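**Q** Below are the structure tokens for one structure; questions will follow.
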Amino acid sequence: MLSHDHDHRHHDGGQAPVRGDHHEHGDHHEHFGHEGHAGRDHSHHDHHDHVGQFRRLFWIMLALGIPVVATSPMFAMLLGYQVPGWAAWIAPALGTVMYVWGGKPFLTGAVSEIRQRQPGMMLLIALGITVAFLASWGATLGILHEQLEFWWELALLVVIMLLGHWVEMRSLAQTTSALDSLAALLPDEAERVDADGAITTIAPAELQPGDVVVVRPGGRVPADGTVVDGSASMDESMITGESATVRRSLGDPVVAGTVATDSGLRVEVTAVGEDTALAGIQQLVADAQASSSRAQRLADRAAAWLFWFALGAAIITAIVWVAVGQPDEAVVRTITVLVIACPHALGLAIPLVVSIATERAARSGVLVKDRLALEAMRTVDTVLFDKTGTLTQGAPAVTGVEPAAGYDAGHLLALAAAAEADSEHPLARAITGAAGERGLEVPAASGFSSSPAVGVRADVVMSGAGTGAATAAATATVMVGGPYLLEQEGAAELRITEQWSGEGATILHVLVDGQVAGALRLADAIRPESRDAVAGLAARGVEVVMITGDAEAVAASVSAELGIERYFAGVRPEDKSAKIRQLQAEGRKVAMVGDGVNDAPALAQADVGIAIGAGTDVAIASAGVILASDDPRAVLSVAALSRASYRKMKQNLWWAAGYNLLSVPLAAGVLAPIGFILPMSVGAILMSLSTVVVALNAQLLRRVDLRPEALAAPGR
């Protein structure tokens with residue numbers, strides 16, 4: 001399986017927080033819909049132990065099951081050999097151990113299904129093994145007809161069901177917990193300024209309102225507060241989803257978990273613990289996870305039907321055989337019906353498909369965390385994409401260069417890159433990156449200085465470059481900055497910048513010795529794969545909607561470029577899940593694709609939450625499906641896998657249940673009037689056959705093509 005520790009590029013420049021174990025969130029824990037095997041409230045750290053327990057239990061029961069089957073008189077009779085007298089007690093003794101020990105998960109599961117009045121798989125299995133256990137003891141002690149000796153059947157049932165269980169739980173073990181990852185967004189330690197001006201390092205949990213803390217450049221804010229000294233460009237994308245940094249200076253509020261990108265701050269703490277914005281998001285995620293009703297799974301519904309079918313058939317069988325005056329035969333037939341009704345193949349049908357589907361998915365970079373999300377994906381008719389970091393790169397890129405007279409675009413970009421070479425700012429990285437991509441020769445620069453909110457300046461070697469009048473000087477002062485820089489230098493902006501700002505882009509002007517040499521347009525670059533993803537979904541009749549915290553102008557230009565008709569702009573983080581509820585109220589089945597912390601409540605609210613894996617741990621933990629790559633086309637893979645695995649599950653259920661629907665009436669003696677009663681041996685062979693068919697059918701899933709590029713191709 002693809003493990004979950006793919007590259008976690010965090011928005012804070014790579015210092016990934018300490019991660020919790022990969023454990024299942026409590027709510028996703030109802031495999032088969034049975035919460036019985038450990039109660040609902042077990043800590044989610046024991047998920048891997050569960051897989052281990054079932055694995056051990058399966059091997060132990062297999063070892064015990066072989067002698068039970070071999071020394072079971074009925075099985076010996078079917079194969080035509082005699083069990084020696086000394087071995088007569090092996091099957092009852094080991095069979096009892098198997099019932100009590102191997103059957104325990106199913107018996108406790110059955111109790112919880114009865115309590116919830118939701119008969120399902122667990123009750124059906126428990127019914128089969130309990131009836132087989134009691135009848136076998138009856139036959140062994142000579143109280144009941146010897147035909148009712150089912151030790152071999154009991155052993156097979158326990159072993160096959162444990163195998164199905166283990167296979168399924170293993171496929172569900174790749175997960176993380178949302179709330180732990182949210183906590184990980186806080187720094188491990190805070191630097192508090194004491195009364196005497198000394199700085200002490202303490203845990204964020206020890207902070208009190210009124211404390212003043214130091215936030216270093218590139219550091220995270222440990223608690224909600226107000227800036228009392230300094231000013232910095234804050235990366236708040238993990239909370240707001242806005243790709244652009246926000247200027248915060250004296251008196252402005254800052255939020256726990258956000259990053260000071262360019263300079264340090266002193267912050268007076270106003271809220272700690274439960275009262276912070278981050279804790280609010282935690283609460284939203286917890287609520288949404290608790291409220292998303294876990295639609296009953298397919299196998300559960302089938303098991304519930306089979307339970308009532310078996311019970312009804314057994315009662316009718318008993319009544320009819322007693323009515324025709326054969327009470328002994330009534331007992332034999334009724335018990336046979338109840339044992340045969342237990343679905344061996346059903347116990348394997350779904351887990352095998354799930355296991356193969358999850359493995360196939362992982363190979364294509366899709367991690368399925370909640371099986372229901374995969375089941376639900378085939379019914380989705382609306383996919384809501386978060387813009388920043390999902391449809392776009394989530395980082396600024398140079399999307400336009402407008403040189404003034406006397407400069408060409410390449411020269412202008414090279415000068416800007418030279419001035420920005422020593423800056424750590426995201427916009428500076430975008431400019432130097434663009435110069436590198438175009439293979440420009442960046443001149444040497446010295447005397448770099450940066451002034452927050454204004455821009456950068458440096459002395460750049462100009463010799464022989466370009467055509468401008470400035471070439472006479474060996475070096476020139478090059479400044480790159482926003483509107484404040486132009487104001488400070490008394491320069492006018494270029495005409496094109498009006499159009500650019502209408503499109504919501506960031507505009508930087510380049511000044512050489514105080515004269516405007518040109519302007520750069522920076523915007524969040526659209527991922528090349530986004531167009532294919534939108535087109536591919538539209539071709540399958542799925543509507544694509546975009547949601548963003550960015551302004552209307554930005555949203556409109558991105559939507560137009562990608563061919564998305566409907567979008568929500570300027571949506572605050574806490575309102576994202578409300579927009580999903582609005583779409584759901586229109587009767588749509590919604591999948592949400594996002595990557596930020598602020599998407600976590602929305603991912604949990606959607607019918608299917610899909611996290612882009614390069615995003616934050618929190619988004620990943622509140623989603624049911626995680627894409628290991630940043631490629632939005634992978635959503636098509638999820639949809640294709642969902643359809644294919646649902647098809648296989650349905651086929652398998654028909655095979656598995658078909659055996660029961662056929663053999664139960666025969667075992668009940670429907671054809672007795674014409675002299676045919678289904679012998680146990682034939683029932684056993686049919687049972688094994690249906691299990692084999694189901695196992696082989698599930699393997700066909702391996703042939704589904706899940707490559708995003710193949711699925712996004714037109715005509716697919």
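Chains: A, B, ... in order of the structure tokens. Residues: from 1 per chain. Ligands: from 1, in order shown.
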Can you tell me, as a PDB file with N, CA and C atoms, in the first residue's frame, what residues are no more than 10 Å from stretch 608-612 of chain A when counting only C-alpha atoms, ignoring any on the same chain fewer than 2 positions away?

**A**
ATOM      1  N   VAL A 366      -4.154   7.590  -5.010  1.00  0.00           N
ATOM      2  CA  VAL A 366      -5.391   7.998  -4.329  1.00  0.00           C
ATOM      3  C   VAL A 366      -5.509   7.168  -3.057  1.00  0.00           C
ATOM      4  N   LEU A 367      -5.540   7.835  -1.906  1.00  0.00           N
ATOM      5  CA  LEU A 367      -5.663   7.092  -0.652  1.00  0.00           C
ATOM      6  C   LEU A 367      -7.111   7.149  -0.182  1.00  0.00           C
ATOM      7  N   VAL A 368      -7.734   5.982  -0.059  1.00  0.00           N
ATOM      8  CA  VAL A 368      -9.127   5.949   0.381  1.00  0.00           C
ATOM      9  C   VAL A 368      -9.136   5.769   1.878  1.00  0.00           C
ATOM     10  N   LYS A 369      -9.661   6.776   2.582  1.00  0.00           N
ATOM     11  CA  LYS A 369      -9.624   6.711   4.034  1.00  0.00           C
ATOM     12  C   LYS A 369     -10.936   6.234   4.590  1.00  0.00           C
ATOM     13  N   ASP A 370     -12.011   6.700   3.986  1.00  0.00           N
ATOM     14  CA  ASP A 370     -13.332   6.287   4.450  1.00  0.00           C
ATOM     15  C   ASP A 370     -13.992   5.580   3.285  1.00  0.00           C
ATOM     16  N   LEU A 372     -16.939   4.719   2.762  1.00  0.00           N
ATOM     17  CA  LEU A 372     -18.204   5.295   2.313  1.00  0.00           C
ATOM     18  C   LEU A 372     -17.991   6.388   1.286  1.00  0.00           C
ATOM     19  N   ALA A 373     -16.899   7.136   1.459  1.00  0.00           N
ATOM     20  CA  ALA A 373     -16.634   8.228   0.522  1.00  0.00           C
ATOM     21  C   ALA A 373     -16.454   7.644  -0.871  1.00  0.00           C
ATOM     22  N   LEU A 374     -15.754   6.513  -0.935  1.00  0.00           N
ATOM     23  CA  LEU A 374     -15.540   5.889  -2.242  1.00  0.00           C
ATOM     24  C   LEU A 374     -16.871   5.384  -2.796  1.00  0.00           C
ATOM     25  N   GLU A 375     -17.701   4.784  -1.926  1.00  0.00           N
ATOM     26  CA  GLU A 375     -18.998   4.288  -2.383  1.00  0.00           C
ATOM     27  C   GLU A 375     -19.871   5.433  -2.885  1.00  0.00           C
ATOM     28  N   ALA A 376     -19.795   6.591  -2.192  1.00  0.00           N
ATOM     29  CA  ALA A 376     -20.685   7.709  -2.525  1.00  0.00           C
ATOM     30  C   ALA A 376     -20.248   8.444  -3.783  1.00  0.00           C
ATOM     31  N   MET A 377     -18.953   8.313  -4.147  1.00  0.00           N
ATOM     32  CA  MET A 377     -18.420   9.132  -5.240  1.00  0.00           C
ATOM     33  C   MET A 377     -19.173   8.904  -6.550  1.00  0.00           C
ATOM     34  N   THR A 379     -22.249   8.660  -7.052  1.00  0.00           N
ATOM     35  CA  THR A 379     -23.533   9.367  -7.139  1.00  0.00           C
ATOM     36  C   THR A 379     -23.337  10.886  -7.190  1.00  0.00           C
ATOM     37  N   VAL A 380     -22.078  11.351  -7.101  1.00  0.00           N
ATOM     38  CA  VAL A 380     -21.814  12.794  -7.051  1.00  0.00           C
ATOM     39  C   VAL A 380     -22.146  13.458  -8.389  1.00  0.00           C
ATOM     40  N   VAL A 383     -19.001  18.846  -8.365  1.00  0.00           N
ATOM     41  CA  VAL A 383     -17.701  18.862  -7.687  1.00  0.00           C
ATOM     42  C   VAL A 383     -17.330  20.315  -7.407  1.00  0.00           C
ATOM     43  N   LEU A 384     -17.087  20.602  -6.142  1.00  0.00           N
ATOM     44  CA  LEU A 384     -16.746  21.959  -5.718  1.00  0.00           C
ATOM     45  C   LEU A 384     -15.232  22.005  -5.516  1.00  0.00           C
ATOM     46  N   PHE A 385     -14.554  22.807  -6.338  1.00  0.00           N
ATOM     47  CA  PHE A 385     -13.095  22.930  -6.201  1.00  0.00           C
ATOM     48  C   PHE A 385     -12.753  24.187  -5.416  1.00  0.00           C
ATOM     49  N   GLY A 389      -4.452  26.657  -4.540  1.00  0.00           N
ATOM     50  CA  GLY A 389      -3.716  25.441  -4.208  1.00  0.00           C
ATOM     51  C   GLY A 389      -4.345  24.181  -4.758  1.00  0.00           C
ATOM     52  N   THR A 390      -5.556  24.309  -5.364  1.00  0.00           N
ATOM     53  CA  THR A 390      -6.214  23.115  -5.900  1.00  0.00           C
ATOM     54  C   THR A 390      -6.291  23.236  -7.421  1.00  0.00           C
ATOM     55  N   LYS A 589     -25.599  16.070  -4.991  1.00  0.00           N
ATOM     56  CA  LYS A 589     -24.619  15.287  -4.240  1.00  0.00           C
ATOM     57  C   LYS A 589     -23.272  15.948  -4.505  1.00  0.00           C
ATOM     58  N   VAL A 590     -22.630  16.439  -3.442  1.00  0.00           N
ATOM     59  CA  VAL A 590     -21.468  17.297  -3.626  1.00  0.00           C
ATOM     60  C   VAL A 590     -20.163  16.644  -3.178  1.00  0.00           C
ATOM     61  N   ALA A 591     -19.155  16.719  -4.052  1.00  0.00           N
ATOM     62  CA  ALA A 591     -17.797  16.353  -3.634  1.00  0.00           C
ATOM     63  C   ALA A 591     -17.024  17.657  -3.520  1.00  0.00           C
ATOM     64  N   MET A 592     -16.243  17.802  -2.458  1.00  0.00           N
ATOM     65  CA  MET A 592     -15.452  19.024  -2.268  1.00  0.00           C
ATOM     66  C   MET A 592     -13.977  18.659  -2.405  1.00  0.00           C
ATOM     67  N   VAL A 593     -13.235  19.429  -3.189  1.00  0.00           N
ATOM     68  CA  VAL A 593     -11.797  19.195  -3.328  1.00  0.00           C
ATOM     69  C   VAL A 593     -11.074  20.409  -2.762  1.00  0.00           C
ATOM     70  N   GLY A 594     -10.253  20.199  -1.736  1.00  0.00           N
ATOM     71  CA  GLY A 594      -9.583  21.343  -1.125  1.00  0.00           C
ATOM     72  C   GLY A 594      -8.280  20.939  -0.467  1.00  0.00           C
ATOM     73  N   ASP A 595      -7.533  21.958   0.011  1.00  0.00           N
ATOM     74  CA  ASP A 595      -6.243  21.599   0.605  1.00  0.00           C
ATOM     75  C   ASP A 595      -5.907  22.358   1.875  1.00  0.00           C
ATOM     76  N   GLY A 596      -6.675  23.362   2.259  1.00  0.00           N
ATOM     77  CA  GLY A 596      -6.258  24.171   3.411  1.00  0.00           C
ATOM     78  C   GLY A 596      -6.976  23.775   4.671  1.00  0.00           C
ATOM     79  N   ASP A 599     -10.460  24.544   4.708  1.00  0.00           N
ATOM     80  CA  ASP A 599     -11.363  23.669   3.963  1.00  0.00           C
ATOM     81  C   ASP A 599     -11.845  22.497   4.809  1.00  0.00           C
ATOM     82  N   ALA A 600     -11.227  22.291   5.974  1.00  0.00           N
ATOM     83  CA  ALA A 600     -11.528  21.080   6.744  1.00  0.00           C
ATOM     84  C   ALA A 600     -13.020  20.924   7.071  1.00  0.00           C
ATOM     85  N   PRO A 601     -13.694  21.963   7.626  1.00  0.00           N
ATOM     86  CA  PRO A 601     -15.125  21.778   7.920  1.00  0.00           C
ATOM     87  C   PRO A 601     -15.920  21.483   6.647  1.00  0.00           C
ATOM     88  N   ALA A 602     -15.532  22.131   5.531  1.00  0.00           N
ATOM     89  CA  ALA A 602     -16.255  21.922   4.274  1.00  0.00           C
ATOM     90  C   ALA A 602     -16.033  20.495   3.764  1.00  0.00           C
ATOM     91  N   LEU A 603     -14.803  20.004   3.882  1.00  0.00           N
ATOM     92  CA  LEU A 603     -14.515  18.632   3.436  1.00  0.00           C
ATOM     93  C   LEU A 603     -15.344  17.639   4.236  1.00  0.00           C
ATOM     94  N   ALA A 604     -15.500  17.924   5.533  1.00  0.00           N
ATOM     95  CA  ALA A 604     -16.278  17.004   6.375  1.00  0.00           C
ATOM     96  C   ALA A 604     -17.773  17.118   6.063  1.00  0.00           C
ATOM     97  N   GLN A 605     -18.220  18.300   5.636  1.00  0.00           N
ATOM     98  CA  GLN A 605     -19.645  18.529   5.356  1.00  0.00           C
ATOM     99  C   GLN A 605     -20.074  17.905   4.029  1.00  0.00           C
ATOM    100  N   ALA A 606     -19.164  17.898   3.046  1.00  0.00           N
ATOM    101  CA  ALA A 606     -19.512  17.417   1.708  1.00  0.00           C
ATOM    102  C   ALA A 606     -19.870  15.931   1.742  1.00  0.00           C
ATOM    103  N   ALA A 614      -0.891  17.628  -1.179  1.00  0.00           N
ATOM    104  CA  ALA A 614       0.200  18.532  -0.834  1.00  0.00           C
ATOM    105  C   ALA A 614      -0.282  19.585   0.150  1.00  0.00           C
ATOM    106  N   GLY A 615      -1.567  19.527   0.507  1.00  0.00           N
ATOM    107  CA  GLY A 615      -2.134  20.498   1.436  1.00  0.00           C
ATOM    108  C   GLY A 615      -1.760  20.198   2.862  1.00  0.00           C
ATOM    109  N   THR A 616      -2.575  20.664   3.782  1.00  0.00           N
ATOM    110  CA  THR A 616      -2.217  20.494   5.189  1.00  0.00           C
ATOM    111  C   THR A 616      -2.754  19.176   5.730  1.00  0.00           C
ATOM    112  N   ASP A 617      -2.158  18.724   6.819  1.00  0.00           N
ATOM    113  CA  ASP A 617      -2.604  17.486   7.462  1.00  0.00           C
ATOM    114  C   ASP A 617      -4.062  17.530   7.857  1.00  0.00           C
ATOM    115  N   VAL A 618      -4.509  18.731   8.219  1.00  0.00           N
ATOM    116  CA  VAL A 618      -5.876  18.825   8.720  1.00  0.00           C
ATOM    117  C   VAL A 618      -6.875  18.541   7.629  1.00  0.00           C
ATOM    118  N   ALA A 619      -6.629  19.143   6.468  1.00  0.00           N
ATOM    119  CA  ALA A 619      -7.539  18.909   5.353  1.00  0.00           C
ATOM    120  C   ALA A 619      -7.523  17.420   5.043  1.00  0.00           C
ATOM    121  N   ILE A 620      -6.339  16.842   5.065  1.00  0.00           N
ATOM    122  CA  ILE A 620      -6.188  15.432   4.744  1.00  0.00           C
ATOM    123  C   ILE A 620      -6.972  14.578   5.728  1.00  0.00           C
ATOM    124  N   ALA A 621      -6.957  14.993   6.984  1.00  0.00           N
ATOM    125  CA  ALA A 621      -7.593  14.163   7.997  1.00  0.00           C
ATOM    126  C   ALA A 621      -9.104  14.285   7.984  1.00  0.00           C
ATOM    127  N   SER A 622      -9.641  15.420   7.497  1.00  0.00           N
ATOM    128  CA  SER A 622     -11.093  15.527   7.522  1.00  0.00           C
ATOM    129  C   SER A 622     -11.703  15.052   6.213  1.00  0.00           C
ATOM    130  N   ALA A 623     -10.862  14.609   5.277  1.00  0.00           N
ATOM    131  CA  ALA A 623     -11.380  14.136   3.994  1.00  0.00           C
ATOM    132  C   ALA A 623     -11.535  12.624   4.023  1.00  0.00           C
ATOM    133  N   GLY A 624     -12.402  12.112   3.138  1.00  0.00           N
ATOM    134  CA  GLY A 624     -12.552  10.657   3.054  1.00  0.00           C
ATOM    135  C   GLY A 624     -11.594  10.069   2.040  1.00  0.00           C
ATOM    136  N   VAL A 625     -11.160  10.910   1.080  1.00  0.00           N
ATOM    137  CA  VAL A 625     -10.256  10.463   0.022  1.00  0.00           C
ATOM    138  C   VAL A 625      -9.120  11.472  -0.070  1.00  0.00           C
ATOM    139  N   ILE A 626      -7.897  10.993  -0.208  1.00  0.00           N
ATOM    140  CA  ILE A 626      -6.753  11.900  -0.278  1.00  0.00           C
ATOM    141  C   ILE A 626      -6.011  11.646  -1.583  1.00  0.00           C
ATOM    142  N   LEU A 627      -5.708  12.722  -2.320  1.00  0.00           N
ATOM    143  CA  LEU A 627      -4.935  12.587  -3.550  1.00  0.00           C
ATOM    144  C   LEU A 627      -3.477  12.869  -3.221  1.00  0.00           C
ATOM    145  N   ALA A 628      -2.621  11.884  -3.496  1.00  0.00           N
ATOM    146  CA  ALA A 628      -1.217  12.045  -3.125  1.00  0.00           C
ATOM    147  C   ALA A 628      -0.538  13.092  -3.994  1.00  0.00           C
ATOM    148  N   SER A 629      -1.064  13.298  -5.209  1.00  0.00           N
ATOM    149  CA  SER A 629      -0.443  14.291  -6.096  1.00  0.00           C
ATOM    150  C   SER A 629      -1.242  15.577  -6.007  1.00  0.00           C
ATOM    151  N   ASP A 630      -0.746  16.622  -6.707  1.00  0.00           N
ATOM    152  CA  ASP A 630      -1.510  17.872  -6.745  1.00  0.00           C
ATOM    153  C   ASP A 630      -2.394  17.900  -7.978  1.00  0.00           C
ATOM    154  N   ASP A 631      -2.480  16.782  -8.688  1.00  0.00           N
ATOM    155  CA  ASP A 631      -3.161  16.779  -9.975  1.00  0.00           C
ATOM    156  C   ASP A 631      -4.677  16.695  -9.796  1.00  0.00           C
ATOM    157  N   PRO A 632      -5.410  17.786 -10.132  1.00  0.00           N
ATOM    158  CA  PRO A 632      -6.870  17.737  -9.913  1.00  0.00           C
ATOM    159  C   PRO A 632      -7.570  16.695 -10.790  1.00  0.00           C
ATOM    160  N   ALA A 634      -6.977  13.734 -10.826  1.00  0.00           N
ATOM    161  CA  ALA A 634      -7.114  12.486 -10.062  1.00  0.00           C
ATOM    162  C   ALA A 634      -8.545  12.312  -9.532  1.00  0.00           C
ATOM    163  N   VAL A 635      -9.307  13.409  -9.490  1.00  0.00           N
ATOM    164  CA  VAL A 635     -10.716  13.298  -9.081  1.00  0.00           C
ATOM    165  C   VAL A 635     -11.443  12.355 -10.044  1.00  0.00           C
ATOM    166  N   VAL A 638     -10.888   8.838  -8.992  1.00  0.00           N
ATOM    167  CA  VAL A 638     -11.726   8.455  -7.843  1.00  0.00           C
ATOM    168  C   VAL A 638     -13.113   8.065  -8.334  1.00  0.00           C
TER     169      VAL A 638
END

**Q** Which residues are near A:Val454? Cut-off 7 Å, only C-alpha atoms, ignore same chain within fewer than 4 positions. Put them as a PDB file with C-alpha atoms, in the first residue's frame.

**A**
ATOM      1  CA  GLY A 481       7.629  47.295  -5.277  1.00  0.00           C
ATOM      2  CA  GLY A 482       3.919  48.025  -5.071  1.00  0.00           C
ATOM      3  CA  TYR A 484       3.670  52.654  -1.930  1.00  0.00           C
ATOM      4  CA  LEU A 485       6.955  52.602  -3.799  1.00  0.00           C
TER       5      LEU A 485
END

**Q** So that I can see what lies close to stretch 397-410 of chain A, please list as a PyMOL selection string the residues with an atom at most 10 Å from it, counting only C-alpha atoms and leaving out residues fewer than 3 positions away in the same chain.

**A** chain A and resi 393-394+413-416+426-435+438-442+465-470+494-497+500+505-510+515-526

**Q** Write down as a PyMOL selection string the residues belonging to stretch 401-537 of chain A that are assigned strand (DSSP E or B) by DSSP computed on the backbone.

**A** chain A and resi 401-403+445-451+455-461+475-481+506-512+515-526

**Q** Which residue gives the smallest distance to A:Ile114 among A:Met479, A:Ala395, A:Ala304, A:Val228, with only C-alpha atoms counted?

**A**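 The closest residue to A:Ile114 is A:Ala304.
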
**Q** Go ahead and compute the interatomic distance for atom CA of A:Leu265 and atom CA of A:Glu420, in Å to one decimal.

**A** 22.7 Å

**Q** Which residues come within 10 Å of stretch 535-545 of chain A, counting only C-alpha atoms, excluding same-chain residues fewer than 2 positions away, as number ranges by chain?

**A** A: 379-387, 530-533, 547, 559, 562-568, 583, 588, 590-592, 633, 635-636, 639, 708-709, 711-716

**Q** Any chance you could export the current selection's N, CA and C atoms as a compact mmCIF listing (two decimals), in the first residue's frame?

**A**
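Below you can see again16.txt, which holds the result:
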# COMPACT_ATOMS: atom_id res chain seq x y z
N THR A 379 -22.25 8.66 -7.05
CA THR A 379 -23.53 9.37 -7.14
C THR A 379 -23.34 10.89 -7.19
N VAL A 380 -22.08 11.35 -7.10
CA VAL A 380 -21.81 12.79 -7.05
C VAL A 380 -22.15 13.46 -8.39
N ASP A 381 -22.89 14.57 -8.34
CA ASP A 381 -23.19 15.27 -9.60
C ASP A 381 -22.61 16.68 -9.62
N THR A 382 -21.99 17.11 -8.50
CA THR A 382 -21.40 18.45 -8.44
C THR A 382 -20.05 18.35 -7.73
N VAL A 383 -19.00 18.85 -8.37
CA VAL A 383 -17.70 18.86 -7.69
C VAL A 383 -17.33 20.32 -7.41
N LEU A 384 -17.09 20.60 -6.14
CA LEU A 384 -16.75 21.96 -5.72
C LEU A 384 -15.23 22.00 -5.52
N PHE A 385 -14.55 22.81 -6.34
CA PHE A 385 -13.10 22.93 -6.20
C PHE A 385 -12.75 24.19 -5.42
N ASP A 386 -11.87 24.06 -4.46
CA ASP A 386 -11.31 25.23 -3.82
C ASP A 386 -10.30 25.79 -4.84
N LYS A 387 -10.26 27.12 -5.01
CA LYS A 387 -9.37 27.66 -6.04
C LYS A 387 -7.89 27.55 -5.65
N SER A 530 -5.70 21.52 -14.58
CA SER A 530 -7.05 21.91 -14.14
C SER A 530 -8.06 21.91 -15.29
N ARG A 531 -7.62 22.39 -16.48
CA ARG A 531 -8.55 22.44 -17.62
C ARG A 531 -9.07 21.05 -17.95
N ASP A 532 -8.14 20.07 -18.00
CA ASP A 532 -8.55 18.69 -18.33
C ASP A 532 -9.51 18.16 -17.28
N ALA A 533 -9.22 18.47 -16.02
CA ALA A 533 -10.08 17.96 -14.94
C ALA A 533 -11.49 18.50 -15.10
N ILE A 547 -14.95 27.60 -5.54
CA ILE A 547 -15.17 28.41 -4.34
C ILE A 547 -13.83 29.01 -3.93
N SER A 559 -12.25 31.46 -13.39
CA SER A 559 -13.39 30.67 -13.90
C SER A 559 -13.47 30.75 -15.41
N LEU A 562 -10.91 28.64 -17.09
CA LEU A 562 -11.09 27.19 -16.96
C LEU A 562 -12.43 26.71 -17.51
N GLY A 563 -13.28 27.66 -17.92
CA GLY A 563 -14.60 27.25 -18.43
C GLY A 563 -15.53 26.78 -17.33
N ILE A 564 -15.42 27.38 -16.14
CA ILE A 564 -16.34 27.03 -15.03
C ILE A 564 -17.44 28.09 -15.01
N GLU A 565 -18.71 27.63 -15.04
CA GLU A 565 -19.80 28.61 -15.14
C GLU A 565 -20.21 29.19 -13.80
N ARG A 566 -20.13 28.37 -12.75
CA ARG A 566 -20.64 28.86 -11.46
C ARG A 566 -19.52 28.94 -10.44
N TYR A 567 -19.44 30.05 -9.72
CA TYR A 567 -18.40 30.14 -8.70
C TYR A 567 -18.89 30.97 -7.52
N PHE A 568 -18.29 30.73 -6.36
CA PHE A 568 -18.56 31.55 -5.18
C PHE A 568 -17.26 32.28 -4.85
N LEU A 583 -25.71 23.96 -1.70
CA LEU A 583 -25.75 23.10 -2.89
C LEU A 583 -26.51 21.80 -2.59
N ARG A 588 -28.32 18.39 -4.65
CA ARG A 588 -27.13 17.88 -5.32
C ARG A 588 -26.32 16.99 -4.39
N VAL A 590 -22.63 16.44 -3.44
CA VAL A 590 -21.47 17.30 -3.63
C VAL A 590 -20.16 16.64 -3.18
N ALA A 591 -19.16 16.72 -4.05
CA ALA A 591 -17.80 16.35 -3.63
C ALA A 591 -17.02 17.66 -3.52
N MET A 592 -16.24 17.80 -2.46
CA MET A 592 -15.45 19.02 -2.27
C MET A 592 -13.98 18.66 -2.40
N ARG A 633 -6.87 16.22 -11.85
CA ARG A 633 -7.50 15.19 -12.70
C ARG A 633 -7.71 13.89 -11.94
N VAL A 635 -9.31 13.41 -9.49
CA VAL A 635 -10.72 13.30 -9.08
C VAL A 635 -11.44 12.35 -10.04
N LEU A 636 -11.04 12.38 -11.32
CA LEU A 636 -11.65 11.49 -12.31
C LEU A 636 -11.34 10.03 -11.97
N ALA A 639 -13.67 8.88 -9.26
CA ALA A 639 -15.01 8.60 -9.78
C ALA A 639 -15.04 7.26 -10.53
N PRO A 708 -5.06 9.26 -14.51
CA PRO A 708 -5.79 10.50 -14.73
C PRO A 708 -5.70 10.97 -16.18
N GLU A 709 -4.49 10.82 -16.78
CA GLU A 709 -4.34 11.35 -18.14
C GLU A 709 -5.21 10.56 -19.13
N LEU A 711 -8.10 9.09 -18.31
CA LEU A 711 -9.51 9.41 -18.04
C LEU A 711 -9.88 10.80 -18.53
N ALA A 712 -8.88 11.73 -18.52
CA ALA A 712 -9.19 13.11 -18.91
C ALA A 712 -9.21 13.25 -20.43
N ALA A 713 -8.71 12.23 -21.12
CA ALA A 713 -8.66 12.31 -22.59
C ALA A 713 -10.08 12.39 -23.13
N PRO A 714 -10.31 13.19 -24.18
CA PRO A 714 -11.66 13.31 -24.73
C PRO A 714 -12.14 11.94 -25.22
N GLY A 715 -13.44 11.76 -25.19
CA GLY A 715 -14.01 10.51 -25.69
C GLY A 715 -13.95 9.38 -24.69
N ARG A 716 -13.53 9.69 -23.44
CA ARG A 716 -13.53 8.61 -22.45
C ARG A 716 -14.75 8.72 -21.55

**Q** Take atom CA of A:Arg56 and atom CA of A:Gly102 and report the distance between them in Å, one decimal.

**A** 10.3 Å

**Q** Identify, on the basis of only C-alpha atoms, every residue whose closest approach to stretch 666-675 of chain A does not exceed 6 Å; exclude the query and any residue fewer than 3 positions from it along the same chain; express the result as a list in words.

**A** Thr317, Arg333, Val337, Ser663 and Leu678 of chain A

**Q** Any chance you can output those residues with N, CA and C atoms as a compact mmCIF listing (two decimals), in the first residue's frame?

**A**
# COMPACT_ATOMS: atom_id res chain seq x y z
N THR A 317 -40.40 -23.14 7.76
CA THR A 317 -39.96 -24.54 7.70
C THR A 317 -40.46 -25.32 8.91
N ARG A 333 -34.49 -29.77 9.71
CA ARG A 333 -34.59 -28.82 8.59
C ARG A 333 -34.40 -27.37 9.03
N VAL A 337 -31.47 -24.86 7.84
CA VAL A 337 -31.76 -23.59 7.16
C VAL A 337 -30.97 -22.45 7.81
N SER A 663 -30.25 -22.03 -1.92
CA SER A 663 -30.07 -23.21 -1.06
C SER A 663 -30.98 -23.23 0.17
N LEU A 678 -32.17 -31.16 -0.24
CA LEU A 678 -30.77 -30.79 -0.47
C LEU A 678 -29.88 -31.45 0.58

**Q** Excluding A:Val111 and residues on its chain fewer than 3 positions from it, collect all residues at most 8 Å away from it, counting only C-alpha atoms, and give them as a list of chain:residue names.

**A**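 My list of contacting residues is A:Gly36, A:Leu107, A:Thr108, A:Ile114, A:Arg115, A:Leu123.
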
**Q** Pick from A:Ala302, A:Ala279, A:Met122, A:Ile335: nearest to A:Ala314, with only C-alpha atoms counted?

**A**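 Of the candidates, the smallest distance to A:Ala314 is held by A:Ile335.
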